[in-house]
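Asks: Take this structure first; my questions come after.
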Amino acid sequence: MKDRYDLFPGALELMVLRSLELAPMHGYALATHIKQRSHDLLRVEEGSLYPALQRLLKGSLATAAWELSSNSRQVRTYSLTAKGRKYLEKRTARLDKMIEGVQLVLARES
Amino acid sequence: MHEWWARLFFRSRMRAELTREMAAHLEAKTAALLEEGLSHEEASRRARIEFGNTPLLAERSAEIWRWPRLESTWADLKLALHKLRKSPGYAVVAILTMVIGIGASTTIFTILDAVMLRSLPVQRPSELVSFGIKSPTQPRVGIGIPARLADLLRDHSHSYSDLSGWDGSMVAVRDPEGSLRSVDASLVTGNALPMLGVRPYLGRLIEPSDDIPGGPVGGWPVVLNYDFWLANFHGDPEVIGKAITVSAQPAVIVGVLPASFSGIFIGSPNKLYLPAHFASKLAATAEQDPYLHPESRFEIALGRLAHGVSLTQAKTELASGYASAWRDMIPAPMRDSPFMRGATLMVSPANRGFSELAVQYGSSLLMLQGVVLLVLLLCCVNLGGLQLARVQRHQQEFAIRNALGAGRTRIVRQCLTESFLIAAAGSILAAALAWLATPTLGAFLTPAGSGENSVVRPDASILLLTTSLSVVTTLMFGLLPALQAGGTSPAIVLKGQGTNQRSSNLRRNLLVSGQFALTLILVFGAGLFTQTLSRLRNNHAGFEPAHILEVCAQFQAIHKTPVEIASIYHLMTAKLRTYPGVESAAYTWVTPLTGFAPKLKVHSLAHAEHEHSIAFNEVGDGYFSTIGTRLLAGREFTTDDADRTICVLNQSAAHLVFADAIAIGETLKSENPEAKWTAVCRVVGIVEDARYSNLRDPAPATVYFPAGAPALAHGGYDNNFVFFIRSAHDADSMAAYRAALSEYGEGTAYSVFLPLQEQVDQSLGSERLISILSSAFAGVALLLSGIGIFGLLALQVQQRKREIGVRMALGADRASVLRMITKEAMKMIAIGTLVGVIIALAGGVLVSRFLYGVSAANPWIATASVAILFAVGLAASVIPARRAALLDPMLSLRSE
C-alpha cells in the first residue's frame with residue numbers, strides 16, 4: 001500500500017490540525033475526513049496517522065480524551081489546543097507562500 | 001512536569017491506551033467496509049491488511065515519546081555493565097585503581113581545603129577583615145593590635161560595619177571526673193559572635209550586654225564549643241543555665257555553638273567563649289589587669305566591611321587616616337624596638353579565619369597534592385593501558401559492530417561509557433575512603449597535647465570533587481582506547497591480522513614505560529622523604545626524650561607573688577623526686593621543639609663591642625640531668641640559684657662569646673631595650689649543644705638562666721613553667737604529679753600530660769605525613785606498574801602465539817623464548833626508569849626544601865629505586881614469559 005502522493009514532512013500534521021479546527025475527532029473520523037476533503041486524492045495511512053497524532057500530543061498542539069461516540073463506543077477524541085491553533089495559522093501561512101513560490105517556478109512561461 | 005513524570009512511568013499504560021484506540025479504529029473501519037456490502041470475514045481481513053501491523057504501529061507511535069539520546073545511553077550503560085560483569089577481575093582491578101587515585105587526591109585536597117582554602121562557616125565571610133602589624137624584620141604579620149586602636153577604628157572608621165576583639169587564655173574548669181582542667185578559651189567582645197552571624201545550636205551567644213567590668217549579675221556567661229559540650233556534658237540540652245566555675249569565678253552556661261563552627265582559629269578550636277572583661281579576673285595582679293592598663297592591652301581585631309566598601313577603600317582609609325595615630329597607641333618600650341622600625345598597619349581579608357596550620361603545613365600539603373596528582377596520573381595511565389589491551393582483544397567485535405553500521409561516535413561513546421562506569425564506581429568508593437581517611441591524616445596536623453582528635457573535618461565538597469575527578473579521569477584514561485576502538489577498520493581486521501597492531505603495541509609499550517617513569521619518581525621521592533624523617537628523628541642530640549612526661553603547671557590562678565610561686569615550683573619539684581618510680585624531675589620556661597626560641601643580645605665584659613644574639617631559656621635545678629643534656633664543665637643549677645647572677649652556656653655559646661678562652665668564671669652581660677631582661681651573670685657551667693626550637697635547625701648558641709621569680713614576673717608566660725618528669729612508666733609520673741599538685745597547688749588546674757617523645761614526633765608532623773604517604777603511594781605505584789606490565793606481556797604472548805610457535809619449531813628452546821619475553825619487559829622498564837631518573841633529578845629542586853640531611857640527587861637512593869623497579873618488573877613479567885616458554889608449538893600453530 002503506497003501513498004498516492006508523497007507528502008512532505010509535517011503536511012499530515014497540518015491537515016490533522018485543520019480538521020480538528022472544525023470539530024474534535026477520533027482517529028478513524030480524521031482519516032475519513034481527510035480522505036473525503038481531498039476528494040480521494042489523499043489517503044491517510046493509519047501507519048502515518050498514529051505517530052503523527054502522538055507528535056501533536058507531545059508538542060501540546062492537541063489533547064486527547066476518551067469519550068463515548070454517537071454509536072456509544074469508547075473512542076479517543078482529539079481536539080485542538082490554543083497552541084495548536086497558533087501553530088496552524090503560522091504554518092499554513094508559510095505553506096501558502098511556499099506553494100505559491102513553487103507554482104511560480106513550475107509554471108510554463110506563456 | 002506531570003507529563004514528564006507520566007512519560008517516565010506510565011509508558012506501558014500509554015501503550016495499552018494506544019492499542020485500545022487502534023482496536024476501536026479497526027472496528028469502525030470494519031463496520032464501514034461491512035456497509036459497503038462486504039462479507040463479515042472479508043471486511044475484517046481487508047481492514048486489518050490496510051491498517052497494518054498493530055503492535056508495530058503502537059511501538060512506533062510510542063517511540064515518539066522517547067528520549068532517543070537518553071535511551072541509547074541507557075543501552076550503553078547496560079552493555080558496559082554486562083561487559084564488566086563478564087570480566088570481573090579486570091573490573092575489580094580497574095575500580096580499585098580509581099579508588100586509590102581519586103581517593104588519595106580527594107583526601108589530600110580535603111585537608112588542603114580545610115587548612116588553607118575554606119571560608120569560615122559564617123555569614124558573608126568575604127566581608128571579614130583582620131588587622132596586623134607588618135614589620136620588615138619579621139616574615140610574618142603580627143596579628144595583634146593595640147585594643148585602643150581597635151576601639152578607635154570601631155568608633156570612627158567608616159569602612160567597617162562592626163569590629164570585634166578576640167583574645168585567648170587558658171582557664172580552669174572541672175572535667176567530668178571533677179578534676180580542674182586547663183582549657184583554651186576565647187575572650188571576646190560582646191559583638192564578636194553576633195557579628196559573625198553564627199546561630200547558636202543551643203541557648204544564645206555572648207552579647208554586648210555581657211561584656212562589662214565585673215561581668216553581668218548572675219555570673220559570667222559562657223558559650224561552649226560543640227565538641228567540648230559533647231565531651232564534657234554528654235550533649236545534654238539541659239546544660240543551658242547550668243552554673244559552673246571558671247578559674248574560680250562563678251559562671252553560667254548560656255549557649256552551645258553549632259558543630260560546623262569551631263572558632264576563627266583554624267586548627268586550634270577554642271573550647272569556651274567568655275566576655276573579654278573576664279581577662280581582669282584572670283590577671284594575677286592589678287598591674288596585669290588589661291582593663292586597668294588599656295595602653296598595654298593587645299587583641300586580635302576582626303572587622304566586617306560596611307556594605308559597599310571594598311578592601312582597597314578600607315586600606316586607603318587606614319593608610320591616610322590612621323598612619324600616625326596607631327603608632328602612638330603602641331606601648332612605649334615596644335614603640336622603640338627594632339620590630340617597629342618601618343612597621344606598617346595592615347588590613348587584610350579574614351574570610352578563612354586565622355590558620356596556623358596553613359603557615360606550618362601549607363607547603364607540605366601543596367607538595368603532597370602534587371604527589372597525589374602524580375599517583376592519579378599513574379592510575380589513569382595504568383587503566384588506559386589495560387583498556388587499550390581490552391580494545392585490542394576485542395578488535396573483531398568492534399570491527400563487526402562497525403561493519404553493521406554502529407558508527408565511530410557510537411563505538412567511542414560505548415567505550416567511554418564503560419570507562420565512566422569504572423570511574424563512577426571508583427569515585428563513590430573513593431568518596432567513602434576520603435571521608436574516613438581525612439580525619440586520620442588530619443591527626444598528623446593536630447598540635448601536640450591539644451587533646452583534639454583531628455582538626456580537619458571532611459565536608460560535602462568531597463562528593464563534588466570525586467564526581468568531577470571521575471569525569472576527568474574517564475577522559476584521561478578512556479579516550480585513547482575509545483578512539484582506538486572507534487577507529488577499528490572492519491575491512492582490515494576481518495580480513496585477518498590487523499596491520500595497525502604494531503603502532504598500537506608501540507603506544508602501549510610507551511604507556512608501560514610511562515608508568516615506570518612515574519613510579520620511579522614516586523619511589524625515589526619516598527626514599528628521600530623517609531631518609532629525611534629518619535635523619536631528623538635521630539637528631540635530638542642534646543637531650544633524651546624517651547620516658548619524659550611533660551606537663552604545664554597552671555599557677556596563674558593562684559593569686560600570689562612571683563617569689564611565692566617560685567617557691568611552690570621548688571617544693572613541688574623536690575616532692576616529685578620522692579615518689580616511687582620517678583627518676584628525676586625539673587622545670588623549664590621554654591619547652592624544646594615547640595618552634596619557640598626567644599633570643600637575647602649578649603656580650604662578654606672584655607669585648608662589649610661584640611654583641612651576639614643568642615637563644616635563652618630559664619630552667620630549674622636538675623634540668624640538664626633530667627632531660628639528658630650532658631654537663632661538659634662546671635656545674636648545673638642548684639636549688640639555691642634563683643636569679644640572673646649566674647648562667648650556664650652551651651658549647652656554641654661559650655665558643656661564640658668567649659672564643660677559645662675558658663668561659664667558666666667569666667661574666668656575661670645582656671642589655672636589652674626592655675630593661676627587665678638586663679642581666680649580668682657569671683658562667684658556672686658549660687653543657688653540650690641541644691636542639692631548641694626544632695629538629696631541623698642546628699642547636700643555637702644558648703644561655704640558660706636559673707628559673708625563678710624574675711622569669712615568673714617578666715616572662716609574660718602566665719606565671720607558668722613546664723615540669724619534666726622522668727620515669728620508666730608514664731603512669732608513675734602522672735600519679736606523682738597529681739599528688740604533688742593537690743598538696744602544693746590546690747585550686748589549680750592540670751593540663752594535658754604529653755610525652756616528650758610525642759612532642760618530638762609532633763614537631764615532625766609534616767615530615768611524618770610526607771614520608772608515610774609518599775611511601776604508601778610508592779607501594780601502590782609499584783603494584784600498579786607490576787599489573788600494567790603483566791597485562792601487556794600477557795596480551796603480547798597471546799598475540800604472538802604463532803610467532804613463538806614458529807620460532808620453537810625452528811629450534812628455539814624454552815630458555816630463549818623466556819629470555820625474549822623478559823628482554824622485551826626489561827627494555828620498557830629501562831626506558832621508563834631512565835626517563836624517571838632524569839625527571840626526578842631535574843625536579844629535585846622542587847622538593848629540596850622538604851629534605852634534611854640528604855641531597856635531592858642522592859645516588860644511593862636513586863640506585864636503590866631503580867633496583868626496586870627492575871625487581872618488580874621482573875617479578876611481574878615472569879608469569880607471562882613462562883606461559884610463552886611453555887607453549888606447545890604444535891598446538892599454537894594448529895590453532896591458526
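We label chains A, B, ... in the order they appear in the C-alpha cells, count residues from 1 in each chain, and number ligands from 1 in the order shown.
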Which neighbours of segment 5-20 of chain A fall inside 8 Å, counting only C-alpha atoms, when residues of the same chain fewer than 3 positions from it are skipped, and could you give them as a JSON list (two decimals) with N, CA and C atoms, in the first residue's frame?
Replies:
```json
[["chain", "number", "residue", "atom", "x", "y", "z"],
["A", 23, "ALA", "N", -13.90, 20.39, 14.26],
["A", 23, "ALA", "CA", -14.54, 19.72, 15.40],
["A", 23, "ALA", "C", -13.57, 18.70, 15.97],
["A", 24, "PRO", "N", -13.64, 18.42, 17.26],
["A", 24, "PRO", "CA", -12.84, 17.33, 17.83],
["A", 24, "PRO", "C", -13.22, 16.02, 17.15],
["A", 25, "MET", "N", -12.23, 15.20, 16.87],
["A", 25, "MET", "CA", -12.49, 13.95, 16.15],
["A", 25, "MET", "C", -11.63, 12.84, 16.71],
["A", 30, "LEU", "N", -10.86, 11.19, 11.60],
["A", 30, "LEU", "CA", -9.85, 12.03, 10.97],
["A", 30, "LEU", "C", -9.44, 11.47, 9.62],
["A", 33, "HIS", "N", -12.23, 11.88, 7.21],
["A", 33, "HIS", "CA", -12.43, 13.30, 6.89],
["A", 33, "HIS", "C", -11.41, 13.78, 5.86],
["A", 34, "ILE", "N", -10.14, 13.46, 6.09],
["A", 34, "ILE", "CA", -9.09, 13.93, 5.18],
["A", 34, "ILE", "C", -9.28, 13.33, 3.80],
["A", 42, "LEU", "N", -5.98, 12.19, -1.54],
["A", 42, "LEU", "CA", -5.07, 11.80, -0.46],
["A", 42, "LEU", "C", -5.71, 10.70, 0.34],
["A", 49, "LEU", "N", -0.73, 8.07, 10.50],
["A", 49, "LEU", "CA", -1.63, 8.89, 11.30],
["A", 49, "LEU", "C", -1.30, 8.81, 12.79],
["A", 52, "ALA", "N", 1.79, 10.54, 13.89],
["A", 52, "ALA", "CA", 1.57, 11.98, 13.76],
["A", 52, "ALA", "C", 0.75, 12.50, 14.94],
["A", 53, "LEU", "N", -0.28, 11.76, 15.30],
["A", 53, "LEU", "CA", -1.11, 12.18, 16.45],
["A", 53, "LEU", "C", -0.26, 12.26, 17.73],
["A", 56, "LEU", "N", 1.67, 15.36, 17.79],
["A", 56, "LEU", "CA", 0.86, 16.53, 18.15],
["A", 56, "LEU", "C", 0.64, 16.58, 19.66],
["A", 62, "ALA", "N", -2.31, 19.34, 20.45],
["A", 62, "ALA", "CA", -3.65, 18.74, 20.55],
["A", 62, "ALA", "C", -3.74, 18.00, 21.87],
["A", 78, "TYR", "N", -9.65, 13.64, 19.71],
["A", 78, "TYR", "CA", -8.59, 14.65, 19.74],
["A", 78, "TYR", "C", -9.21, 16.01, 19.53],
["A", 79, "SER", "N", -8.68, 17.02, 20.23],
["A", 79, "SER", "CA", -9.15, 18.38, 19.96],
["A", 79, "SER", "C", -7.95, 19.33, 19.96],
["A", 80, "LEU", "N", -8.19, 20.46, 19.33],
["A", 80, "LEU", "CA", -7.12, 21.43, 19.11],
["A", 80, "LEU", "C", -6.86, 22.24, 20.39],
["A", 84, "GLY", "N", -1.95, 24.82, 19.42],
["A", 84, "GLY", "CA", -2.10, 24.17, 18.12],
["A", 84, "GLY", "C", -2.71, 25.12, 17.10],
["A", 85, "ARG", "N", -3.69, 25.93, 17.55],
["A", 85, "ARG", "CA", -4.34, 26.88, 16.65],
["A", 85, "ARG", "C", -3.32, 27.88, 16.11],
["A", 88, "LEU", "N", -0.98, 26.28, 13.69],
["A", 88, "LEU", "CA", -1.65, 26.01, 12.41],
["A", 88, "LEU", "C", -1.65, 27.27, 11.55],
["A", 91, "ARG", "N", 1.87, 28.08, 10.31],
["A", 91, "ARG", "CA", 2.39, 27.14, 9.33],
["A", 91, "ARG", "C", 1.64, 27.20, 7.99],
["A", 92, "THR", "N", 0.33, 27.39, 8.07],
["A", 92, "THR", "CA", -0.40, 27.42, 6.79],
["A", 92, "THR", "C", -0.01, 28.66, 6.00]]
```
Asks: Any chance you could tabulate, as JSON lines, the residues of chain B at most 12 Å from chain A with each one's nearest atom pair and distance in Å to one decimal, using only C-alpha atoms, in chain and rising number order?
Replies:
```
{"residue": "B:Glu3", "atom": "CA", "partner": "A:Lys58", "partner_atom": "CA", "distance": 9.1}
{"residue": "B:Trp4", "atom": "CA", "partner": "A:Lys58", "partner_atom": "CA", "distance": 10.2}
{"residue": "B:Ala6", "atom": "CA", "partner": "A:Lys58", "partner_atom": "CA", "distance": 11.8}
{"residue": "B:Arg7", "atom": "CA", "partner": "A:Lys58", "partner_atom": "CA", "distance": 10.0}
{"residue": "B:Met14", "atom": "CA", "partner": "A:Gln54", "partner_atom": "CA", "distance": 10.6}
{"residue": "B:Arg15", "atom": "CA", "partner": "A:Gln54", "partner_atom": "CA", "distance": 11.3}
{"residue": "B:Glu17", "atom": "CA", "partner": "A:Arg76", "partner_atom": "CA", "distance": 9.0}
{"residue": "B:Leu18", "atom": "CA", "partner": "A:Tyr50", "partner_atom": "CA", "distance": 8.6}
{"residue": "B:Thr19", "atom": "CA", "partner": "A:Tyr50", "partner_atom": "CA", "distance": 10.7}
{"residue": "B:Arg20", "atom": "CA", "partner": "A:Val75", "partner_atom": "CA", "distance": 8.9}
{"residue": "B:Glu21", "atom": "CA", "partner": "A:Arg76", "partner_atom": "CA", "distance": 6.3}
{"residue": "B:Met22", "atom": "CA", "partner": "A:Gly27", "partner_atom": "CA", "distance": 8.1}
{"residue": "B:Ala23", "atom": "CA", "partner": "A:Val75", "partner_atom": "CA", "distance": 9.8}
{"residue": "B:Ala24", "atom": "CA", "partner": "A:Val75", "partner_atom": "CA", "distance": 6.6}
{"residue": "B:His25", "atom": "CA", "partner": "A:Tyr28", "partner_atom": "CA", "distance": 5.3}
{"residue": "B:Leu26", "atom": "CA", "partner": "A:Tyr28", "partner_atom": "CA", "distance": 8.1}
{"residue": "B:Glu27", "atom": "CA", "partner": "A:Tyr28", "partner_atom": "CA", "distance": 9.4}
{"residue": "B:Ala28", "atom": "CA", "partner": "A:Tyr28", "partner_atom": "CA", "distance": 6.9}
{"residue": "B:Lys29", "atom": "CA", "partner": "A:Tyr28", "partner_atom": "CA", "distance": 7.2}
{"residue": "B:Thr30", "atom": "CA", "partner": "A:Tyr28", "partner_atom": "CA", "distance": 10.9}
{"residue": "B:Ala31", "atom": "CA", "partner": "A:Tyr28", "partner_atom": "CA", "distance": 11.3}
{"residue": "B:Ala32", "atom": "CA", "partner": "A:Thr32", "partner_atom": "CA", "distance": 10.3}
{"residue": "B:Arg46", "atom": "CA", "partner": "A:Met1", "partner_atom": "CA", "distance": 11.9}
{"residue": "B:Ala47", "atom": "CA", "partner": "A:Glu46", "partner_atom": "CA", "distance": 10.7}
{"residue": "B:Arg48", "atom": "CA", "partner": "A:Glu46", "partner_atom": "CA", "distance": 10.6}
{"residue": "B:Ile49", "atom": "CA", "partner": "A:Met1", "partner_atom": "CA", "distance": 9.2}
{"residue": "B:Glu50", "atom": "CA", "partner": "A:Met1", "partner_atom": "CA", "distance": 7.5}
{"residue": "B:Phe51", "atom": "CA", "partner": "A:Glu46", "partner_atom": "CA", "distance": 5.7}
{"residue": "B:Gly52", "atom": "CA", "partner": "A:Gly47", "partner_atom": "CA", "distance": 7.0}
{"residue": "B:Asn53", "atom": "CA", "partner": "A:Gly47", "partner_atom": "CA", "distance": 8.5}
{"residue": "B:Thr54", "atom": "CA", "partner": "A:Gly47", "partner_atom": "CA", "distance": 8.8}
{"residue": "B:Pro55", "atom": "CA", "partner": "A:Gly47", "partner_atom": "CA", "distance": 11.0}
{"residue": "B:Leu56", "atom": "CA", "partner": "A:Gly47", "partner_atom": "CA", "distance": 9.1}
{"residue": "B:Leu57", "atom": "CA", "partner": "A:Gly47", "partner_atom": "CA", "distance": 6.1}
{"residue": "B:Ala58", "atom": "CA", "partner": "A:Tyr50", "partner_atom": "CA", "distance": 8.0}
{"residue": "B:Glu59", "atom": "CA", "partner": "A:Pro51", "partner_atom": "CA", "distance": 9.3}
{"residue": "B:Arg60", "atom": "CA", "partner": "A:Pro51", "partner_atom": "CA", "distance": 6.6}
{"residue": "B:Ser61", "atom": "CA", "partner": "A:Pro51", "partner_atom": "CA", "distance": 4.2}
{"residue": "B:Ala62", "atom": "CA", "partner": "A:Gln54", "partner_atom": "CA", "distance": 7.5}
{"residue": "B:Glu63", "atom": "CA", "partner": "A:Pro51", "partner_atom": "CA", "distance": 8.3}
{"residue": "B:Ile64", "atom": "CA", "partner": "A:Arg55", "partner_atom": "CA", "distance": 6.3}
{"residue": "B:Trp65", "atom": "CA", "partner": "A:Lys58", "partner_atom": "CA", "distance": 6.9}
{"residue": "B:Arg66", "atom": "CA", "partner": "A:Lys58", "partner_atom": "CA", "distance": 10.1}
{"residue": "B:Trp67", "atom": "CA", "partner": "A:Lys58", "partner_atom": "CA", "distance": 11.9}
```
Asks: Return as a VMD selection string the full set of residues in segment 25-67 of chain A whose backbone-based DSSP assignment is strand (DSSP E or B).
Replies: chain A and resid 25 to 26 62 to 67
Asks: Find the spatial neighbours of segment 533-535 of chain B, counting only C-alpha atoms, within a cut-off of 7 Å - ignore same-chain residues fewer than 2 positions away - and output them as an MDAnalysis selection string.
Replies: chainID B and resid 529:531 537:539 767:768 771 853
Asks: If you run DSSP on the backbone here, which positions in segment 6-102 of chain A get alpha helix (DSSP H)? Please write them as a PyMOL selection string.
Replies: chain A and resi 11-22+27-37+46-58+82-102
Asks: Write out as a ChimeraX atom specification which residues come within 8 Å of Thr81 of chain A when counting only C-alpha atoms, dropping same-chain ones fewer than 5 positions away.
Replies: /A:60-63
Asks: Taking 6 positions as the minimum chain separation for residues in the same chain, which residues sit within 10 Å of Ala94 of chain B when counting only C-alpha atoms? Answer as a list in words.
Replies: Pro88, Cys379, Cys380, Asn382, Leu383, Gly384, Leu386, Gln387, Ser419, Ile422, Ala423, Ala425 and Gly426 of chain B
